[in-house]
There are 2 protein chains.
Amino acid sequence: MSIKVNYNNMMQRVLGEHGLTDQQLAQSADLCLHAHQVVEQNRGKGMQGWMDSPYNQQDVVARIKEVAKRIQNECETFVVLGIGGSALGPIAVFNALKHLYYNELPRSVRKAPKFYVLDNVDPERISALLDVIDLNTTIFNVITKSGATSETMSQYLVVMDMLNKKFGRKAREHVIATTSESRGNLIKLATEEGYETFYIPDGVGGRFSELCPVGLLPAAVVGIDIEEMLRGAREMDQLCQNNTSIDKNPALAMALLQHLSIKQGKNVSVMMPYADSLKYVADWYCQLWGESLGKEKDVDGNIVNVGQTPLKCLGATDQHILIQLFNEGPYDKVITFLEVANYRTDIFIPAGCDKVPDVNFLCNNTMGTLLSNELYATKYALTKRGRSNFTITLDKVDEYHIGALLYMLQMQTAYIGVMLNINAYNQPGVEGGKNAVYALFGRKGYEAFAEEMKNAPQDVDKYTV
Amino acid sequence: MSIKVNYNNMMQRVLGEHGLTDQQLAQSADLCLHAHQVVEQNRGKGMQGWMDSPYNQQDVVARIKEVAKRIQNECETFVVLGIGGSALGPIAVFNALKHLYYNELPRSVRKAPKFYVLDNVDPERISALLDVIDLNTTIFNVITKSGATSETMSQYLVVMDMLNKKFGRKAREHVIATTSESRGNLIKLATEEGYETFYIPDGVGGRFSELCPVGLLPAAVVGIDIEEMLRGAREMDQLCQNNTSIDKNPALAMALLQHLSIKQGKNVSVMMPYADSLKYVADWYCQLWGESLGKEKDVDGNIVNVGQTPLKCLGATDQHILIQLFNEGPYDKVITFLEVANYRTDIFIPAGCDKVPDVNFLCNNTMGTLLSNELYATKYALTKRGRSNFTITLDKVDEYHIGALLYMLQMQTAYIGVMLNINAYNQPGVEGGKNAVYALFGRKGYEAFAEEMKNAPQDVDKYTV
């Protein structure tokens, strides 16, 4: 496995008073063992179905590859309709592994359809997308497990209406559904209409779904080797499964570091890749971490109001945006750097500023060296100021390492869920907003809620400027 | 002014124990008066030169419009080389006011060059950009006040080398410099080479520079009405200048709300627009807020380690990503919603799911209504759970309102700087990293720093997994 985690800069020996001690790590051995045991005991059960994803998808992968090939041959545009976990994984993997201006390349270079993800209901966004695509050669991949996601289903209604008007009975050829096999609305519609359909396993929640058809189909369509992604996940799973100590299990080590940091009052978790290609992996991580850990109650029903705020950054860009705060603000953050040992290309910085010492020192180096040095320098400066940080290093950005990385972060989340004694797989806190939407639309059964909202002291002129 | 701030949901009467009281607001009247006075006393002085931007740019605006027109006629592509404040403003305004897939539109619809901002030194990003642009018809706008920004100047070196090889003496026609008139490296190079040059006033720092040529030139090039932007800023300035009470001055009200929230321990400031067009205004805000407020020392030299962590979100998308955490996690956040009263277009959600009650309630409404209802519902749910939030409502997204909005957020930052007794305009915390980069590159004068770094206990195998 060529993913390494270095957490030297979390330790008191280097960091000073804000760091962790060897003793703290040693005292946590039982906690780690417990977290490992609980996660393994539930492997494949309940909402831990995602742990099977690296192993049980031979048939579905074969069908995805077949369908993807057909789409590549027949279509010019592939649009994902999805939100949250149904959008973030596809976006992250696409940006990591394809050309950074993919949609602007000629078809002969792309060798696959243009790729869009519609993950909001902003009418301006939808209207703008319709301006640049041709329905005749577009396939829409509707992704929602329950088929009750208001945003995705309203997009579906809009798109289907256009497709029906334009293509009549052939409209269905422009739609692929990715949804639950056993329950929900979309599977009913898909069966009735005869859409090509892929299934999201019951035990796979949105934020753990990138390595099932939710993520694999879009990836395959743009020409990403999904078997290599799954191989990376599988090898990471083996590493985690077979090691109960933080010296061998990187996901367990990261979970413990974050757990101890939360205890220290560090309630912000920064994910900062030093590679444009990994920018959206940080977005994906934000949902995984924020939604899994942000909980009012622990599993015993105690009020805990726990959860780190995940913050996505991009090196070196965000050095000019947030490093001032990281270096001088409150000691409330843990920074996870994502380092790439080998960029896929490099650019030489030629001479040309002999008279300007502020610039001349850069000459005859490469952009890759500059970026690596900026990461090293940033870590150095933060560490010197006692700011907790650790580094995940990928040998390079390819299918194998992306699969391994995403899986490792999912395992970290699973472990810390046990350490915090919370349910990392539910999201009860989103129900209030959903119900309020239903009430506002006058949905049947939500009359009492609508009445409550009407009487709430929401909008008072006194507090308006 | 059709920008409103409603902070009802910050108040104890609505929010319960986590809210603020009328008494707290009343007791802060003197603090507000003081903040207003200090900001006004320093208007146009020191680093508050940005307060002159709405008033003193008639000549520069005329020249920008002239140059922009020439670029529109002669060029196919306009690339900003800049980072931090030199990138975030141009990106935010471009995304707010132009088509959301602008670069993919035909030239006949765009009526202006394609637009790119290169704000990182990732070799893969630069290489990818070079794949999709044609140097023959590209203009590069190099933006750096000091001319010592390593990232921007290394990009400049790479680009100039290519241009010189391709165009010889005519290379300079492909470059526009935006920099300090009086000092720094870029002005020397620009004068020597004869670049078209625009000046960044001494008293305008990077994160306060969108309304000077840094932002105005790129905006004008893509066809944005910069005079309307400045008119919006001017009217907002008048409103702020002439009102010392939070009942009349929205920037002062917001500054006080955040100040009192920081005192309550709320160290995360969320900016959450409900419009894809405003997504990058949240990015811009993150630098403004994070870099201005994140300070180790107050102006008297006391160690304070203050500063809210700014978090950018997008509604409704991020409801599926972070609302779980906002509703159930720690009470450590203040959420600023950015609401748009009138979207520039809307989309009808047709019937089509009669049998599915989970979806059917959406039919015969519009996407705009759905998005507005989601915002209202999210506010309602958060408020019910005692989560502090207030809402900025723009009548619509146009040049006038964007100018007013950005200026209002700058004024909020200026006011809270005084309230926190910090210098909102410096960034001493970024020096450590810069010096470490110099040392790593063996720059003359940094030998001692290099020696220090070599001896630091950075990389220890023991803490590597």
# chains A, B, ... in the order shown; residues from 1 in each chain; ligands from 1

call {"tool": "interface_residues", "arguments": {"of": "chain B", "to": "chain A", "cutoff": "6 Å", "atoms": "only C-alpha atoms", "output": "JSON, numbers by chain"}}
result
{"B": [4, 5, 6, 7, 8, 84, 100, 120, 121, 123, 124, 128, 148, 158, 247, 248, 250, 287, 290, 291, 294, 295, 296, 305, 306, 307, 317, 320, 321, 322, 324, 325, 327, 328, 329, 330, 345, 346, 347, 349, 358, 361, 367, 368, 374, 377, 378, 381, 427, 429, 430, 432, 433, 436, 437, 443, 463, 464, 465]}

call {"tool": "residues_around", "arguments": {"residues": "range 208-214 of chain A", "least_positions_apart": "6", "cutoff": "7 Å", "atoms": "only C-alpha atoms", "output": "list in words"}}
result
Trp50, Ser53, Gly85, Ser86, Gly89, Pro90, Ile143, Thr178, Phe198, Tyr199, Ile200 and Gln410 of chain A

call {"tool": "closest_residue", "arguments": {"among": "B:Leu97, B:Ile187, B:Leu278, B:Cys313", "to": "Asp398 in chain B", "atoms": "only C-alpha atoms"}}
result
B:Leu97

call {"tool": "residues_around", "arguments": {"residues": "Glu66 in chain A", "least_positions_apart": "5", "cutoff": "10 Å", "atoms": "only C-alpha atoms", "output": "PyMOL selection string"}}
result
chain A and resi 60-61+71+220-221

call {"tool": "residues_around", "arguments": {"residues": "Gln264 in chain A", "least_positions_apart": "5", "cutoff": "12 Å", "atoms": "only C-alpha atoms", "output": "mmCIF file with N, CA and C atoms, in the first residue's frame"}}
result
data_model
loop_
_atom_site.group_PDB
_atom_site.id
_atom_site.type_symbol
_atom_site.label_atom_id
_atom_site.label_comp_id
_atom_site.auth_asym_id
_atom_site.auth_seq_id
_atom_site.Cartn_x
_atom_site.Cartn_y
_atom_site.Cartn_z
ATOM 1 N N GLU A 17 2.996 22.117 23.882
ATOM 2 C CA GLU A 17 1.883 21.858 24.814
ATOM 3 C C GLU A 17 0.577 21.430 24.149
ATOM 4 N N HIS A 18 0.355 21.839 22.882
ATOM 5 C CA HIS A 18 -0.910 21.495 22.238
ATOM 6 C C HIS A 18 -0.914 20.093 21.626
ATOM 7 N N GLY A 19 0.205 19.400 21.743
ATOM 8 C CA GLY A 19 0.322 18.081 21.120
ATOM 9 C C GLY A 19 -0.118 16.946 22.018
ATOM 10 N N LEU A 20 -0.099 15.759 21.473
ATOM 11 C CA LEU A 20 -0.461 14.547 22.192
ATOM 12 C C LEU A 20 0.814 13.849 22.678
ATOM 13 N N GLN A 24 -0.659 9.132 26.056
ATOM 14 C CA GLN A 24 -2.066 9.195 25.631
ATOM 15 C C GLN A 24 -2.367 8.136 24.571
ATOM 16 N N LEU A 257 -6.366 9.988 16.497
ATOM 17 C CA LEU A 257 -5.826 11.356 16.551
ATOM 18 C C LEU A 257 -6.956 12.382 16.619
ATOM 19 N N GLN A 258 -7.974 12.173 15.795
ATOM 20 C CA GLN A 258 -9.095 13.117 15.796
ATOM 21 C C GLN A 258 -9.883 13.009 17.101
ATOM 22 N N HIS A 259 -10.065 11.800 17.566
ATOM 23 C CA HIS A 259 -10.810 11.599 18.811
ATOM 24 C C HIS A 259 -10.138 12.326 19.973
ATOM 25 N N GLN A 308 -17.008 17.554 14.786
ATOM 26 C CA GLN A 308 -16.092 18.565 14.266
ATOM 27 C C GLN A 308 -16.696 19.194 13.020
ATOM 28 N N TYR A 331 -6.716 27.739 18.920
ATOM 29 C CA TYR A 331 -6.145 26.389 18.766
ATOM 30 C C TYR A 331 -7.283 25.368 18.690
ATOM 31 N N ASP A 332 -8.129 25.528 17.697
ATOM 32 C CA ASP A 332 -9.337 24.704 17.633
ATOM 33 C C ASP A 332 -9.394 23.820 16.398
ATOM 34 N N LYS A 333 -8.261 23.620 15.741
ATOM 35 C CA LYS A 333 -8.270 22.899 14.468
ATOM 36 C C LYS A 333 -7.278 21.740 14.440
ATOM 37 N N VAL A 334 -7.652 20.714 13.672
ATOM 38 C CA VAL A 334 -6.712 19.675 13.264
ATOM 39 C C VAL A 334 -6.668 19.725 11.743
ATOM 40 N N SER A 388 -1.862 21.600 15.398
ATOM 41 C CA SER A 388 -1.940 20.162 15.110
ATOM 42 C C SER A 388 -2.151 19.889 13.635
#

call {"tool": "decode", "arguments": {"residues": "range 179-193 of chain B", "atoms": "N, CA and C atoms", "output": "PDB file, in the first residue's frame"}}
result
ATOM      1  N   THR B 179      -0.877  46.028 -10.529  1.00  0.00           N
ATOM      2  CA  THR B 179       0.102  45.995  -9.433  1.00  0.00           C
ATOM      3  C   THR B 179       0.241  47.366  -8.782  1.00  0.00           C
ATOM      4  N   SER B 180       1.084  47.436  -7.778  1.00  0.00           N
ATOM      5  CA  SER B 180       1.362  48.717  -7.117  1.00  0.00           C
ATOM      6  C   SER B 180       2.072  49.659  -8.076  1.00  0.00           C
ATOM      7  N   GLU B 181       1.686  50.930  -8.031  1.00  0.00           N
ATOM      8  CA  GLU B 181       2.343  51.897  -8.905  1.00  0.00           C
ATOM      9  C   GLU B 181       3.723  52.287  -8.382  1.00  0.00           C
ATOM     10  N   SER B 182       3.855  52.254  -7.060  1.00  0.00           N
ATOM     11  CA  SER B 182       5.021  52.886  -6.468  1.00  0.00           C
ATOM     12  C   SER B 182       6.135  51.928  -6.053  1.00  0.00           C
ATOM     13  N   ARG B 183       5.771  50.638  -5.836  1.00  0.00           N
ATOM     14  CA  ARG B 183       6.823  49.758  -5.324  1.00  0.00           C
ATOM     15  C   ARG B 183       6.591  48.323  -5.790  1.00  0.00           C
ATOM     16  N   GLY B 184       7.603  47.508  -5.587  1.00  0.00           N
ATOM     17  CA  GLY B 184       7.470  46.104  -5.931  1.00  0.00           C
ATOM     18  C   GLY B 184       8.150  45.770  -7.243  1.00  0.00           C
ATOM     19  N   ASN B 185       8.131  44.487  -7.581  1.00  0.00           N
ATOM     20  CA  ASN B 185       8.862  43.988  -8.744  1.00  0.00           C
ATOM     21  C   ASN B 185       8.076  44.105 -10.034  1.00  0.00           C
ATOM     22  N   LEU B 186       6.766  43.867  -9.940  1.00  0.00           N
ATOM     23  CA  LEU B 186       6.000  43.758 -11.175  1.00  0.00           C
ATOM     24  C   LEU B 186       5.937  45.103 -11.894  1.00  0.00           C
ATOM     25  N   ILE B 187       5.889  46.180 -11.115  1.00  0.00           N
ATOM     26  CA  ILE B 187       5.834  47.495 -11.767  1.00  0.00           C
ATOM     27  C   ILE B 187       7.135  47.767 -12.534  1.00  0.00           C
ATOM     28  N   LYS B 188       8.258  47.304 -11.976  1.00  0.00           N
ATOM     29  CA  LYS B 188       9.538  47.451 -12.688  1.00  0.00           C
ATOM     30  C   LYS B 188       9.516  46.671 -13.990  1.00  0.00           C
ATOM     31  N   LEU B 189       9.104  45.422 -13.904  1.00  0.00           N
ATOM     32  CA  LEU B 189       9.038  44.584 -15.103  1.00  0.00           C
ATOM     33  C   LEU B 189       8.064  45.183 -16.119  1.00  0.00           C
ATOM     34  N   ALA B 190       6.934  45.644 -15.615  1.00  0.00           N
ATOM     35  CA  ALA B 190       5.903  46.191 -16.504  1.00  0.00           C
ATOM     36  C   ALA B 190       6.407  47.422 -17.242  1.00  0.00           C
ATOM     37  N   THR B 191       7.131  48.263 -16.520  1.00  0.00           N
ATOM     38  CA  THR B 191       7.662  49.484 -17.136  1.00  0.00           C
ATOM     39  C   THR B 191       8.730  49.127 -18.174  1.00  0.00           C
ATOM     40  N   GLU B 192       9.648  48.242 -17.762  1.00  0.00           N
ATOM     41  CA  GLU B 192      10.705  47.788 -18.676  1.00  0.00           C
ATOM     42  C   GLU B 192      10.143  47.187 -19.952  1.00  0.00           C
ATOM     43  N   GLU B 193       9.152  46.327 -19.787  1.00  0.00           N
ATOM     44  CA  GLU B 193       8.627  45.581 -20.934  1.00  0.00           C
ATOM     45  C   GLU B 193       7.542  46.356 -21.677  1.00  0.00           C
TER      46      GLU B 193
END
